[in-house]
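Undergrad: What follows is start.cif, mmCIF, C-alpha atoms.
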data_run
loop_
_atom_site.label_atom_id
_atom_site.label_comp_id
_atom_site.auth_asym_id
_atom_site.auth_seq_id
_atom_site.Cartn_x
_atom_site.Cartn_y
_atom_site.Cartn_z
CA MET A 1 1.25 -23.59 -40.73
CA ASN A 2 3.71 -20.96 -41.92
CA THR A 3 1.13 -18.27 -42.42
CA ILE A 4 1.02 -14.70 -41.20
CA TYR A 5 -1.64 -15.76 -38.65
CA TRP A 6 0.69 -18.27 -37.10
CA GLU A 7 3.56 -15.77 -37.11
CA ALA A 8 1.39 -13.09 -35.46
CA PHE A 9 0.06 -15.56 -32.89
CA ARG A 10 3.55 -16.80 -32.06
CA THR A 11 4.97 -13.30 -31.72
CA PHE A 12 2.30 -12.18 -29.26
CA PHE A 13 2.44 -15.49 -27.39
CA ARG A 14 6.14 -14.82 -26.84
CA ILE A 15 5.43 -11.26 -25.72
CA GLY A 16 2.77 -12.56 -23.32
CA ILE A 17 5.02 -15.19 -21.80
CA PHE A 18 8.08 -13.04 -21.22
CA THR A 19 6.64 -9.95 -19.61
CA LEU A 20 6.42 -9.74 -15.89
CA GLY A 21 4.70 -6.88 -14.13
CA GLY A 22 1.67 -6.15 -16.24
CA GLY A 23 0.75 -4.50 -19.52
CA TYR A 24 2.95 -1.44 -19.55
CA ALA A 25 6.09 -3.50 -19.08
CA MET A 26 5.19 -5.04 -22.45
CA ILE A 27 5.63 -1.81 -24.45
CA PRO A 28 9.39 -2.11 -25.14
CA LEU A 29 9.02 -5.78 -26.07
CA ILE A 30 6.07 -5.11 -28.38
CA GLU A 31 7.98 -2.28 -30.07
CA GLU A 32 11.02 -4.48 -30.55
CA GLU A 33 9.03 -7.33 -32.12
CA VAL A 34 6.41 -5.40 -34.08
CA VAL A 35 8.34 -2.31 -35.22
CA ASN A 36 11.98 -3.39 -35.42
CA ARG A 37 11.85 -7.11 -36.18
CA HIS A 38 8.72 -7.74 -38.22
CA LYS A 39 8.17 -4.15 -39.45
CA TRP A 40 4.39 -4.63 -39.26
CA VAL A 41 3.88 -1.05 -38.07
CA ALA A 42 6.00 2.11 -38.45
CA LYS A 43 7.39 3.67 -35.27
CA GLU A 44 5.27 6.86 -35.42
CA GLU A 45 2.07 4.90 -36.00
CA MET A 46 3.00 2.60 -33.13
CA LEU A 47 3.16 5.60 -30.78
CA ASP A 48 -0.35 6.67 -31.88
CA LEU A 49 -1.68 3.13 -31.39
CA ILE A 50 -0.14 2.94 -27.90
CA ALA A 51 -1.72 6.27 -26.96
CA ILE A 52 -5.19 5.15 -28.12
CA ALA A 53 -4.88 1.67 -26.59
CA GLN A 54 -3.95 3.26 -23.26
CA SER A 55 -6.91 5.59 -23.14
CA CYS A 56 -9.44 2.94 -24.21
CA PRO A 57 -11.08 0.57 -21.72
CA GLY A 58 -9.90 -2.99 -21.33
CA VAL A 59 -6.53 -4.68 -20.96
CA PHE A 60 -3.85 -2.53 -22.59
CA ALA A 61 -1.75 -5.41 -23.96
CA ILE A 62 -4.86 -6.99 -25.50
CA ASN A 63 -5.94 -3.66 -27.03
CA ILE A 64 -2.58 -3.05 -28.71
CA SER A 65 -2.34 -6.64 -29.97
CA ILE A 66 -5.83 -6.36 -31.51
CA PHE A 67 -4.83 -3.13 -33.29
CA ILE A 68 -1.78 -4.79 -34.81
CA GLY A 69 -3.59 -8.03 -35.67
CA TYR A 70 -6.36 -6.07 -37.36
CA LYS A 71 -3.84 -4.07 -39.37
CA LEU A 72 -2.26 -7.30 -40.58
CA ARG A 73 -5.25 -9.45 -41.48
CA LYS A 74 -8.50 -7.77 -40.37
CA VAL A 75 -10.73 -9.59 -37.86
CA ARG A 76 -9.03 -12.96 -38.13
CA GLY A 77 -5.64 -11.35 -37.57
CA ALA A 78 -7.02 -9.54 -34.52
CA ILE A 79 -8.31 -12.81 -33.06
CA ALA A 80 -4.93 -14.49 -33.66
CA THR A 81 -2.97 -11.79 -31.83
CA ALA A 82 -5.52 -11.43 -29.00
CA VAL A 83 -5.51 -15.19 -28.33
CA GLY A 84 -1.71 -15.18 -28.54
CA THR A 85 -1.44 -12.45 -25.87
CA ALA A 86 -4.02 -13.94 -23.50
CA LEU A 87 -3.13 -17.64 -23.78
CA PRO A 88 0.17 -17.76 -21.81
CA SER A 89 -1.35 -15.93 -18.80
CA PHE A 90 -4.47 -18.05 -19.01
CA LEU A 91 -2.56 -21.34 -18.96
CA ILE A 92 -0.13 -20.29 -16.23
CA ILE A 93 -2.84 -18.90 -13.95
CA LEU A 94 -5.04 -21.93 -14.51
CA ALA A 95 -2.20 -24.23 -13.46
CA ILE A 96 -1.60 -22.12 -10.34
CA ALA A 97 -5.31 -21.95 -9.50
CA ILE A 98 -5.68 -25.74 -9.65
CA PHE A 99 -2.46 -26.20 -7.66
CA PHE A 100 -3.25 -23.50 -5.11
CA LYS A 101 -6.71 -24.89 -4.31
CA GLN A 102 -5.04 -28.00 -2.90
CA PHE A 103 -2.56 -26.09 -0.76
CA GLU A 104 -4.52 -23.14 0.58
CA ASP A 105 -5.11 -24.90 3.91
CA ASN A 106 -1.41 -25.70 4.21
CA ARG A 107 -0.05 -23.85 7.26
CA VAL A 108 3.16 -22.67 5.55
CA ILE A 109 1.32 -21.29 2.49
CA ALA A 110 -1.26 -19.62 4.76
CA ALA A 111 1.50 -17.89 6.78
CA ILE A 112 3.25 -16.69 3.62
CA PHE A 113 0.03 -15.17 2.30
CA ARG A 114 -0.73 -13.51 5.65
CA GLY A 115 2.50 -11.59 5.07
CA ILE A 116 1.85 -10.94 1.38
CA ARG A 117 -1.68 -9.51 1.71
CA PRO A 118 -0.83 -6.20 3.43
CA ALA A 119 2.06 -5.78 0.99
CA VAL A 120 -0.33 -6.15 -1.97
CA VAL A 121 -2.61 -3.47 -0.52
CA ALA A 122 0.43 -1.16 -0.45
CA LEU A 123 1.20 -2.09 -4.07
CA ILE A 124 -2.25 -0.73 -5.02
CA ALA A 125 -1.94 2.32 -2.73
CA VAL A 126 1.32 3.52 -4.30
CA PRO A 127 0.09 3.83 -7.93
CA THR A 128 -2.97 5.68 -6.59
CA PHE A 129 -0.68 8.58 -5.66
CA ARG A 130 1.43 8.18 -8.78
CA MET A 131 -1.65 8.35 -11.02
CA GLY A 132 -2.88 11.32 -9.00
CA GLN A 133 0.32 13.13 -9.89
CA SER A 134 0.18 12.28 -13.58
CA ALA A 135 -3.51 13.32 -13.72
CA LYS A 136 -2.22 16.78 -12.70
CA LEU A 137 -4.70 17.19 -9.87
CA ASN A 138 -4.77 20.64 -8.28
CA ARG A 139 -6.81 22.18 -5.49
CA TYR A 140 -9.76 22.71 -7.86
CA THR A 141 -9.88 19.10 -9.06
CA ILE A 142 -8.70 17.14 -6.01
CA TRP A 143 -12.30 16.75 -4.81
CA ILE A 144 -13.12 14.57 -7.86
CA PRO A 145 -11.06 11.49 -6.88
CA VAL A 146 -11.95 12.01 -3.20
CA ALA A 147 -15.68 12.11 -4.00
CA CYS A 148 -15.40 9.08 -6.33
CA ALA A 149 -13.49 7.06 -3.72
CA LEU A 150 -15.95 7.93 -0.95
CA ALA A 151 -18.95 7.10 -3.15
CA ILE A 152 -17.53 3.64 -3.87
CA TRP A 153 -16.06 2.91 -0.44
CA ALA A 154 -18.66 4.39 1.91
CA LEU A 155 -21.86 4.34 -0.16
CA GLY A 156 -21.19 1.19 -2.21
CA VAL A 157 -21.75 2.89 -5.58
CA SER A 158 -20.55 0.72 -8.48
CA PRO A 159 -17.31 1.99 -10.10
CA ILE A 160 -19.06 1.49 -13.46
CA TYR A 161 -21.48 4.34 -12.69
CA ILE A 162 -18.56 6.52 -11.59
CA ILE A 163 -16.84 5.85 -14.94
CA ILE A 164 -20.00 6.69 -16.93
CA ILE A 165 -20.63 9.90 -14.94
CA ALA A 166 -16.99 10.98 -15.28
CA ALA A 167 -17.00 10.41 -19.05
CA VAL A 168 -20.25 12.35 -19.53
CA ALA A 169 -19.02 15.14 -17.25
CA GLY A 170 -15.76 15.34 -19.22
CA TYR A 171 -17.72 15.55 -22.47
CA ILE A 172 -20.05 18.30 -21.19
CA TYR A 173 -17.13 20.24 -19.73
CA GLY A 174 -15.30 19.90 -23.07
CA ARG A 175 -18.28 21.25 -25.03
CA TRP A 176 -18.86 24.02 -22.52
CA SER A 177 -15.25 25.22 -22.54
CA LYS A 178 -15.25 25.04 -26.35
CA LYS A 179 -18.33 27.30 -26.45
CA GLU A 180 -16.72 29.65 -23.94
CA LEU A 181 -13.67 29.81 -26.17
CA GLU A 182 -15.77 30.56 -29.27
CA GLY A 183 -17.76 33.16 -27.30
CA VAL A 184 -14.57 34.89 -26.31
CA ARG A 185 -13.34 34.81 -29.90
CA ARG A 186 -16.61 36.26 -31.25
CA SER A 187 -16.75 39.17 -28.83
CA MET B 188 -26.96 -19.52 -13.97
CA ILE B 189 -23.53 -18.58 -12.67
CA PHE B 190 -21.79 -18.86 -16.07
CA ILE B 191 -24.04 -16.24 -17.66
CA LYS B 192 -23.54 -13.97 -14.64
CA LEU B 193 -19.79 -14.51 -14.90
CA PHE B 194 -19.88 -13.63 -18.61
CA ILE B 195 -21.95 -10.45 -18.14
CA THR B 196 -19.83 -9.32 -15.18
CA PHE B 197 -16.49 -9.66 -16.94
CA PHE B 198 -17.89 -8.20 -20.17
CA GLU B 199 -18.85 -5.11 -18.16
CA ILE B 200 -15.43 -5.03 -16.54
CA GLY B 201 -13.80 -5.18 -19.99
CA LEU B 202 -16.09 -2.45 -21.30
CA PHE B 203 -15.67 0.01 -18.44
CA GLY B 204 -12.19 -0.92 -17.22
CA PHE B 205 -10.33 2.33 -17.83
CA GLY B 206 -6.94 3.20 -16.40
CA GLY B 207 -4.90 0.05 -17.00
CA GLY B 208 -4.58 -3.02 -14.81
CA TYR B 209 -4.86 -1.23 -11.48
CA GLY B 210 -7.87 0.82 -12.55
CA MET B 211 -9.52 -2.41 -13.63
CA LEU B 212 -8.79 -4.05 -10.27
CA SER B 213 -11.24 -1.68 -8.62
CA LEU B 214 -14.02 -2.91 -10.93
CA ILE B 215 -13.09 -6.57 -10.53
CA GLN B 216 -12.97 -6.17 -6.75
CA HIS B 217 -16.33 -4.41 -6.60
CA GLU B 218 -18.09 -6.93 -8.86
CA THR B 219 -16.63 -10.21 -7.62
CA VAL B 220 -16.25 -9.41 -3.89
CA GLU B 221 -18.71 -6.69 -2.94
CA SER B 222 -21.63 -7.30 -5.26
CA HIS B 223 -21.62 -11.02 -6.22
CA HIS B 224 -19.70 -12.43 -3.20
CA TRP B 225 -17.92 -14.92 -5.43
CA LEU B 226 -14.66 -14.31 -3.57
CA SER B 227 -13.62 -13.15 -0.10
CA THR B 228 -11.41 -10.06 0.23
CA ALA B 229 -8.51 -12.29 1.26
CA GLU B 230 -8.96 -14.50 -1.83
CA PHE B 231 -9.09 -11.41 -4.05
CA THR B 232 -5.88 -10.05 -2.50
CA ASP B 233 -4.17 -13.42 -3.03
CA ILE B 234 -5.22 -13.31 -6.68
CA VAL B 235 -3.69 -9.84 -7.10
CA ALA B 236 -0.47 -11.09 -5.50
CA ILE B 237 -0.31 -14.11 -7.81
CA SER B 238 -1.18 -11.96 -10.85
CA GLN B 239 1.73 -9.67 -9.98
CA MET B 240 4.21 -12.50 -9.74
CA THR B 241 3.28 -14.32 -12.94
CA PRO B 242 3.81 -13.10 -16.52
CA GLY B 243 1.06 -11.38 -18.44
CA PRO B 244 -1.39 -8.52 -17.94
CA ILE B 245 -2.97 -8.26 -14.48
CA GLY B 246 -6.47 -8.01 -16.00
CA ILE B 247 -6.22 -11.35 -17.82
CA ASN B 248 -4.54 -13.05 -14.87
CA SER B 249 -7.17 -11.98 -12.38
CA ALA B 250 -10.09 -12.73 -14.74
CA THR B 251 -8.78 -16.26 -15.25
CA TYR B 252 -8.24 -16.79 -11.54
CA CYS B 253 -11.56 -15.20 -10.52
CA GLY B 254 -13.46 -17.28 -13.07
CA TYR B 255 -11.90 -20.46 -11.72
CA THR B 256 -12.34 -19.61 -8.05
CA ALA B 257 -15.90 -18.30 -8.44
CA ILE B 258 -17.11 -21.53 -10.04
CA HIS B 259 -15.08 -23.65 -7.64
CA ASN B 260 -16.47 -21.80 -4.61
CA ALA B 261 -19.98 -22.37 -5.99
CA GLY B 262 -19.36 -26.09 -5.50
CA TYR B 263 -18.52 -27.27 -9.03
CA GLY B 264 -15.58 -29.53 -9.97
CA HIS B 265 -12.29 -28.72 -11.69
CA LEU B 266 -13.60 -29.12 -15.24
CA MET B 267 -16.45 -26.68 -14.75
CA ALA B 268 -14.06 -24.31 -12.96
CA ILE B 269 -11.74 -24.37 -16.00
CA LEU B 270 -14.75 -23.56 -18.17
CA GLY B 271 -15.48 -20.70 -15.76
CA SER B 272 -12.02 -19.22 -16.16
CA ALA B 273 -12.32 -19.50 -19.95
CA THR B 274 -15.70 -17.74 -19.79
CA ALA B 275 -14.37 -14.88 -17.66
CA THR B 276 -11.26 -14.36 -19.78
CA PHE B 277 -13.19 -14.48 -23.07
CA ALA B 278 -15.79 -12.07 -21.71
CA LEU B 279 -13.07 -9.66 -20.59
CA VAL B 280 -11.39 -9.65 -24.01
CA LEU B 281 -14.56 -9.46 -26.12
CA PRO B 282 -15.34 -5.72 -25.57
CA SER B 283 -11.72 -4.88 -26.46
CA LEU B 284 -12.03 -6.90 -29.66
CA ILE B 285 -15.25 -5.13 -30.66
CA LEU B 286 -14.08 -1.64 -29.64
CA MET B 287 -10.59 -1.81 -31.15
CA ILE B 288 -11.92 -3.16 -34.44
CA LEU B 289 -14.56 -0.40 -34.56
CA ILE B 290 -11.88 2.21 -33.85
CA SER B 291 -9.55 0.72 -36.48
CA ARG B 292 -12.34 0.65 -39.04
CA MET B 293 -13.91 4.07 -38.65
CA PHE B 294 -13.08 6.03 -35.54
CA MET B 295 -9.30 6.33 -35.76
CA LYS B 296 -9.57 9.88 -37.10
CA TYR B 297 -11.87 10.96 -34.25
CA MET B 298 -9.60 9.72 -31.48
CA ASN B 299 -7.54 12.91 -31.48
CA THR B 300 -10.43 15.38 -31.56
CA PRO B 301 -10.79 17.76 -28.59
CA LEU B 302 -14.19 16.31 -27.61
CA VAL B 303 -12.93 12.72 -27.30
CA LYS B 304 -9.90 14.06 -25.45
CA SER B 305 -12.15 15.91 -23.01
CA VAL B 306 -13.95 12.62 -22.22
CA PHE B 307 -10.60 11.07 -21.28
CA THR B 308 -9.70 14.18 -19.30
CA GLY B 309 -12.87 13.66 -17.26
CA LEU B 310 -12.02 10.00 -16.69
CA ARG B 311 -8.50 10.51 -15.40
CA PRO B 312 -9.28 11.97 -11.93
CA ALA B 313 -12.13 9.46 -11.54
CA VAL B 314 -9.74 6.55 -12.13
CA VAL B 315 -7.54 7.90 -9.33
CA GLY B 316 -10.65 7.77 -7.12
CA LEU B 317 -11.33 4.19 -8.24
CA LEU B 318 -7.85 3.12 -7.19
CA ALA B 319 -8.19 4.92 -3.86
CA ALA B 320 -11.49 3.12 -3.26
CA ALA B 321 -9.90 -0.25 -4.07
CA THR B 322 -7.13 0.48 -1.56
CA LEU B 323 -9.63 1.49 1.15
CA LEU B 324 -11.80 -1.59 0.54
CA LEU B 325 -8.77 -3.87 0.82
CA CYS B 326 -7.74 -2.33 4.16
CA ASN B 327 -9.95 -4.66 6.15
CA VAL B 328 -9.78 -7.31 8.83
CA GLU B 329 -9.25 -10.16 6.35
CA ASN B 330 -6.02 -8.61 5.07
CA PHE B 331 -4.74 -6.91 8.23
CA SER B 332 -6.31 -8.88 11.12
CA THR B 333 -7.53 -6.80 14.05
CA PRO B 334 -6.13 -5.44 17.35
CA VAL B 335 -9.50 -5.93 19.15
CA ASP B 336 -12.26 -8.56 18.88
CA PHE B 337 -14.30 -7.75 15.81
CA THR B 338 -17.56 -9.03 14.36
CA ALA B 339 -18.07 -8.35 10.64
CA SER B 340 -21.41 -7.21 9.24
CA ASP B 341 -22.05 -10.74 7.92
CA GLY B 342 -21.64 -12.12 11.46
CA THR B 343 -18.16 -13.61 11.06
CA PHE B 344 -16.19 -13.27 14.28
CA TYR B 345 -12.52 -12.27 14.14
CA PRO B 346 -10.66 -12.70 17.47
CA ALA B 347 -8.15 -10.02 18.46
CA ASN B 348 -4.68 -10.61 17.09
CA PRO B 349 -2.62 -7.47 17.88
CA TRP B 350 0.62 -9.15 16.81
CA GLN B 351 -0.60 -9.96 13.28
CA PHE B 352 -2.23 -6.53 13.02
CA PHE B 353 1.01 -4.82 13.98
CA ILE B 354 3.11 -6.91 11.57
CA SER B 355 0.55 -6.32 8.78
CA CYS B 356 0.72 -2.54 9.24
CA ALA B 357 4.53 -2.69 9.29
CA LEU B 358 4.57 -4.76 6.07
CA PHE B 359 2.14 -2.32 4.45
CA ALA B 360 4.35 0.65 5.37
CA ALA B 361 7.55 -1.14 4.34
CA THR B 362 6.12 -2.11 0.94
CA ALA B 363 4.74 1.38 0.29
CA PHE B 364 8.10 2.90 1.20
CA GLY B 365 10.09 0.25 -0.70
CA THR B 366 8.19 0.39 -3.99
CA GLY B 367 7.13 4.05 -3.88
CA TYR B 368 10.30 5.67 -2.60
CA LEU B 369 13.21 3.25 -2.97
CA LYS B 370 11.83 1.90 -6.30
CA ILE B 371 12.29 -1.73 -5.28
CA ASN B 372 10.74 -4.13 -7.78
CA PRO B 373 7.18 -5.05 -6.61
CA ILE B 374 7.75 -8.76 -7.24
CA ARG B 375 10.82 -8.74 -5.01
CA MET B 376 8.84 -6.83 -2.38
CA ILE B 377 6.07 -9.50 -2.44
CA CYS B 378 8.74 -12.18 -1.92
CA TYR B 379 10.16 -10.31 1.09
CA ALA B 380 6.68 -9.93 2.55
CA GLY B 381 6.05 -13.66 2.04
CA ILE B 382 9.27 -14.53 3.88
CA ALA B 383 8.35 -12.11 6.69
CA GLY B 384 4.91 -13.76 6.91
CA LEU B 385 6.44 -17.21 7.15
CA LEU B 386 8.89 -16.16 9.89
CA LEU B 387 6.60 -13.90 11.93
CA LEU B 388 3.01 -15.04 11.30
CA TYR B 389 3.35 -18.86 11.17
#
Could you take the file, read its structure, and then write that structure out as structure tokens?

TA:
Amino acid sequence: MNTIYWEAFRTFFRIGIFTLGGGYAMIPLIEEEVVNRHKWVAKEEMLDLIAIAQSCPGVFAINISIFIGYKLRKVRGAIATAVGTALPSFLIILAIAIFFKQFEDNRVIAAIFRGIRPAVVALIAVPTFRMGQSAKLNRYTIWIPVACALAIWALGVSPIYIIIIAAVAGYIYGRWSKKELEGVRRS
Amino acid sequence: MIFIKLFITFFEIGLFGFGGGYGMLSLIQHETVESHHWLSTAEFTDIVAISQMTPGPIGINSATYCGYTAIHNAGYGHLMAILGSATATFALVLPSLILMILISRMFMKYMNTPLVKSVFTGLRPAVVGLLAAATLLLCNVENFSTPVDFTASDGTFYPANPWQFFISCALFAATAFGTGYLKINPIRMICYAGIAGLLLLY
């Protein structure tokens, strides 16, 4: 079993098992393993892959592992790295889910989670503002997230439609401003 | 057939889940809680907490947990529930597999063009709105209790519990301040909140 598939699977399994705190915490570990240790990808290319994997839909860690697996051994390599990344979380969460189902009526566990729930809501509220800052919202664009949030929260619109509309609007705006630019250049 | 629904739902979440783990949470919340009623808001919040505290990407963690809980809540046994979590996780990863391979094969050179970039520029403020909506939807009686007697739209009655409501708001504020301003590790903050819950809300 000493093939490149096994090696790729094992590497991403290790990355999956040792990173706490979600996908972005994995970046340094992935770079260390993939760029420095195994030299599967050059550093500059890795930066490009990270940028694309971040802007694409889906789980970031899975996206980047598929890119690297595909580079190594096409589709079968991609499957090996994707399974490697997902498997540790899958097994751990499954164990917890089975365990937790038996204890959710336990009074101690219930009290602990009554304290945890409001904290988790805050953990989602904080990155909302942080992402707002990094999206460089100004007084001309601030209405966009507000309108999206109200549509989902108050009107029950599916976030999927919001995503589709936003992508199409971005595309049209891009074409329009490109034409404006060309118009200015021509005149 | 709940397994097919589970597959389609998480495939959609994988396909449209922009903006990293938190952006995806908004989709998962909307699909599993609001539209399919597979989970309660409290169960969903617990899943997010557990996903935060265990290794791995939040998207995979919550898909696995949601798949399990959805099938279990529908009245099936453990084995079927495990199959449910496998279905949800596989369905979440599948769009990534297809998209990333397509990009690797032929679209890599288009990813840096101004038009593709303008699509992502349009998405960014929307994802902020998605996260804001997820936050608002989670600020409800199941997570915070209520200072006055409250009957939900589905007829569930929640008796007034001003003490729990007050503690919940304080824990919300403390966690927002701790992680946003003092940069305390979120996992540590969840542990503190759990201890506070045990001491004050038992």

Undergrad: Expand the PyMOL selection byres ((chain B and resi 319) around 8) into the explicit residue set it covers here, and present it as a ChimeraX atom specification.

TA: /A:125,128,145,149 /B:315-318,320-323

Undergrad: List the residues matched by the PyMOL selection byres ((chain A and resi 64) around 12) in the displayed structure as an NGL selection string, ordered by chain and then by residue number.

TA: (:A and (12 or 15 or 23-24 or 26-27 or 30-31 or 34 or 41 or 45-63 or 65-71 or 78 or 81-82 or 85)) or (:B and (280 or 283-284 or 286-288 or 290-291))

Undergrad: Determine the nearest neighbour of B:Ile191 from the options B:Leu387, B:Ala360, B:Ile285, B:Leu270, counting all atoms listed in the file.

TA: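 Among B:Leu387, B:Ala360, B:Ile285, B:Leu270, it is B:Leu270 that comes nearest to B:Ile191.
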
Undergrad: Please measure the separation of atom CA of B:Ala257 and atom CA of B:Gly381, giving the value in Å to one decimal.

TA: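 Going from atom CA of B:Ala257 over to atom CA of B:Gly381 covers 24.8 Å.
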
Undergrad: Which polymer residues, protein or nucleic acid, are no farther than 6 Å from (3.6, -21.5, 11.3), counting only C-alpha atoms, as a list of chain:residue names?

TA: A:Arg107, A:Val108, B:Tyr389

Undergrad: Could the residues in this selection be written to a file with C-alpha atoms, as a PDB file, in the coordinates of the input?

TA:
ATOM      1  CA  ARG A 107      -0.050 -23.850   7.260  1.00  0.00           C
ATOM      2  CA  VAL A 108       3.160 -22.670   5.550  1.00  0.00           C
TER       3      VAL A 108
ATOM      4  CA  TYR B 389       3.350 -18.860  11.170  1.00  0.00           C
TER       5      TYR B 389
END

Undergrad: Return as an MDAnalysis selection string the set of residues that the PyMOL selection byres ((chain B and resi 275) around 7) yields on the displayed structure.

TA: chainID B and resid 193:194 197 250:251 254 271:274 276:279

Undergrad: Using only C-alpha atoms, collect all residues at a distance of at most 9 Å from (-18.8, 12.4, -22.7) as written in the file, then present them as an mmCIF file with C-alpha atoms, in the coordinates of the input.

TA:
data_model
loop_
_atom_site.group_PDB
_atom_site.id
_atom_site.type_symbol
_atom_site.label_atom_id
_atom_site.label_comp_id
_atom_site.auth_asym_id
_atom_site.auth_seq_id
_atom_site.Cartn_x
_atom_site.Cartn_y
_atom_site.Cartn_z
ATOM 1 C CA ILE A 164 -20.000 6.690 -16.930
ATOM 2 C CA ILE A 165 -20.630 9.900 -14.940
ATOM 3 C CA ALA A 166 -16.990 10.980 -15.280
ATOM 4 C CA ALA A 167 -17.000 10.410 -19.050
ATOM 5 C CA VAL A 168 -20.250 12.350 -19.530
ATOM 6 C CA ALA A 169 -19.020 15.140 -17.250
ATOM 7 C CA GLY A 170 -15.760 15.340 -19.220
ATOM 8 C CA TYR A 171 -17.720 15.550 -22.470
ATOM 9 C CA ILE A 172 -20.050 18.300 -21.190
ATOM 10 C CA TYR A 173 -17.130 20.240 -19.730
ATOM 11 C CA GLY A 174 -15.300 19.900 -23.070
ATOM 12 C CA LEU B 302 -14.190 16.310 -27.610
ATOM 13 C CA VAL B 303 -12.930 12.720 -27.300
ATOM 14 C CA SER B 305 -12.150 15.910 -23.010
ATOM 15 C CA VAL B 306 -13.950 12.620 -22.220
ATOM 16 C CA PHE B 307 -10.600 11.070 -21.280
ATOM 17 C CA GLY B 309 -12.870 13.660 -17.260
#

Undergrad: I want to know what sits within 12 Å of A:Glu7, based on all atoms listed in the file, with residues of the same chain fewer than 4 positions away left out; could you give that as an MDAnalysis selection string?

TA: chainID A and resid 1:3 11:14 33:34 38 40 69 72:73 77 80:81 84

Undergrad: May I ask which of the residues A:Leu20, A:Ala25, A:Asn36, A:Ala95 is the closest one to chain B, counting all atoms listed in the file?

TA: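 Of all the options, A:Leu20 lies closest to chain B.
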
Undergrad: Within 6 Å of B:Gly208, counting all atoms listed in the file, which residues qualify if same-chain residues fewer than 2 places away don't, as number ranges by chain?

TA: B: 210-211, 245-246

Undergrad: Output C-alpha atoms for every residue in that selection, as a short mmCIF file (atom, residue, chain, number, x, y, z; two decimals), in the frame of the given file.

TA:
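Done, and the output landed in again-v3.cif:
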data_model
loop_
_atom_site.label_atom_id
_atom_site.label_comp_id
_atom_site.auth_asym_id
_atom_site.auth_seq_id
_atom_site.Cartn_x
_atom_site.Cartn_y
_atom_site.Cartn_z
CA GLY B 210 -7.87 0.82 -12.55
CA MET B 211 -9.52 -2.41 -13.63
CA ILE B 245 -2.97 -8.26 -14.48
CA GLY B 246 -6.47 -8.01 -16.00
#

Undergrad: Just the number, please: distance in Å from atom CA of A:Leu91 to atom CA of B:Gln239, one decimal.

TA: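 Spanning atom CA of A:Leu91 to atom CA of B:Gln239 is a straight-line distance of 15.3 Å.
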
Undergrad: Within 10 Å of A:Gly156, counting only C-alpha atoms, which residues show up once you throw out same-chain ones fewer than 3 positions away? Write them as a PyMOL selection string, please.

TA: (chain A and resi 149-153+159) or (chain B and resi 217+221-222+320)

Undergrad: Atoms are missing here; could stretch 83-94 of chain A be completed with N, CA and C atoms and written as a PDB file, in the frame of the given file?

TA:
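Written file, rebuild39.pdb:
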ATOM      1  N   VAL A  83      -5.649 -13.873 -28.960  1.00  0.00           N
ATOM      2  CA  VAL A  83      -5.510 -15.190 -28.330  1.00  0.00           C
ATOM      3  C   VAL A  83      -4.051 -15.426 -27.947  1.00  0.00           C
ATOM      4  N   GLY A  84      -3.140 -15.018 -28.822  1.00  0.00           N
ATOM      5  CA  GLY A  84      -1.710 -15.180 -28.540  1.00  0.00           C
ATOM      6  C   GLY A  84      -1.303 -14.464 -27.263  1.00  0.00           C
ATOM      7  N   THR A  85      -1.816 -13.229 -27.062  1.00  0.00           N
ATOM      8  CA  THR A  85      -1.440 -12.450 -25.870  1.00  0.00           C
ATOM      9  C   THR A  85      -2.054 -13.041 -24.607  1.00  0.00           C
ATOM     10  N   ALA A  86      -3.305 -13.491 -24.700  1.00  0.00           N
ATOM     11  CA  ALA A  86      -4.020 -13.940 -23.500  1.00  0.00           C
ATOM     12  C   ALA A  86      -3.637 -15.362 -23.084  1.00  0.00           C
ATOM     13  N   LEU A  87      -3.289 -16.207 -24.064  1.00  0.00           N
ATOM     14  CA  LEU A  87      -3.130 -17.640 -23.780  1.00  0.00           C
ATOM     15  C   LEU A  87      -2.050 -17.978 -22.737  1.00  0.00           C
ATOM     16  N   PRO A  88      -0.835 -17.385 -22.817  1.00  0.00           N
ATOM     17  CA  PRO A  88       0.170 -17.760 -21.810  1.00  0.00           C
ATOM     18  C   PRO A  88      -0.309 -17.480 -20.390  1.00  0.00           C
ATOM     19  N   SER A  89      -0.860 -16.268 -20.150  1.00  0.00           N
ATOM     20  CA  SER A  89      -1.350 -15.930 -18.800  1.00  0.00           C
ATOM     21  C   SER A  89      -2.417 -16.901 -18.380  1.00  0.00           C
ATOM     22  N   PHE A  90      -3.350 -17.169 -19.316  1.00  0.00           N
ATOM     23  CA  PHE A  90      -4.470 -18.050 -19.010  1.00  0.00           C
ATOM     24  C   PHE A  90      -3.974 -19.415 -18.547  1.00  0.00           C
ATOM     25  N   LEU A  91      -3.047 -19.997 -19.291  1.00  0.00           N
ATOM     26  CA  LEU A  91      -2.560 -21.340 -18.960  1.00  0.00           C
ATOM     27  C   LEU A  91      -1.793 -21.349 -17.642  1.00  0.00           C
ATOM     28  N   ILE A  92      -0.937 -20.338 -17.448  1.00  0.00           N
ATOM     29  CA  ILE A  92      -0.130 -20.290 -16.230  1.00  0.00           C
ATOM     30  C   ILE A  92      -1.023 -20.119 -14.993  1.00  0.00           C
ATOM     31  N   ILE A  93      -1.957 -19.168 -15.088  1.00  0.00           N
ATOM     32  CA  ILE A  93      -2.840 -18.900 -13.950  1.00  0.00           C
ATOM     33  C   ILE A  93      -3.731 -20.099 -13.649  1.00  0.00           C
ATOM     34  N   LEU A  94      -4.200 -20.752 -14.703  1.00  0.00           N
ATOM     35  CA  LEU A  94      -5.040 -21.930 -14.510  1.00  0.00           C
ATOM     36  C   LEU A  94      -4.285 -23.008 -13.742  1.00  0.00           C
TER      37      LEU A  94
END
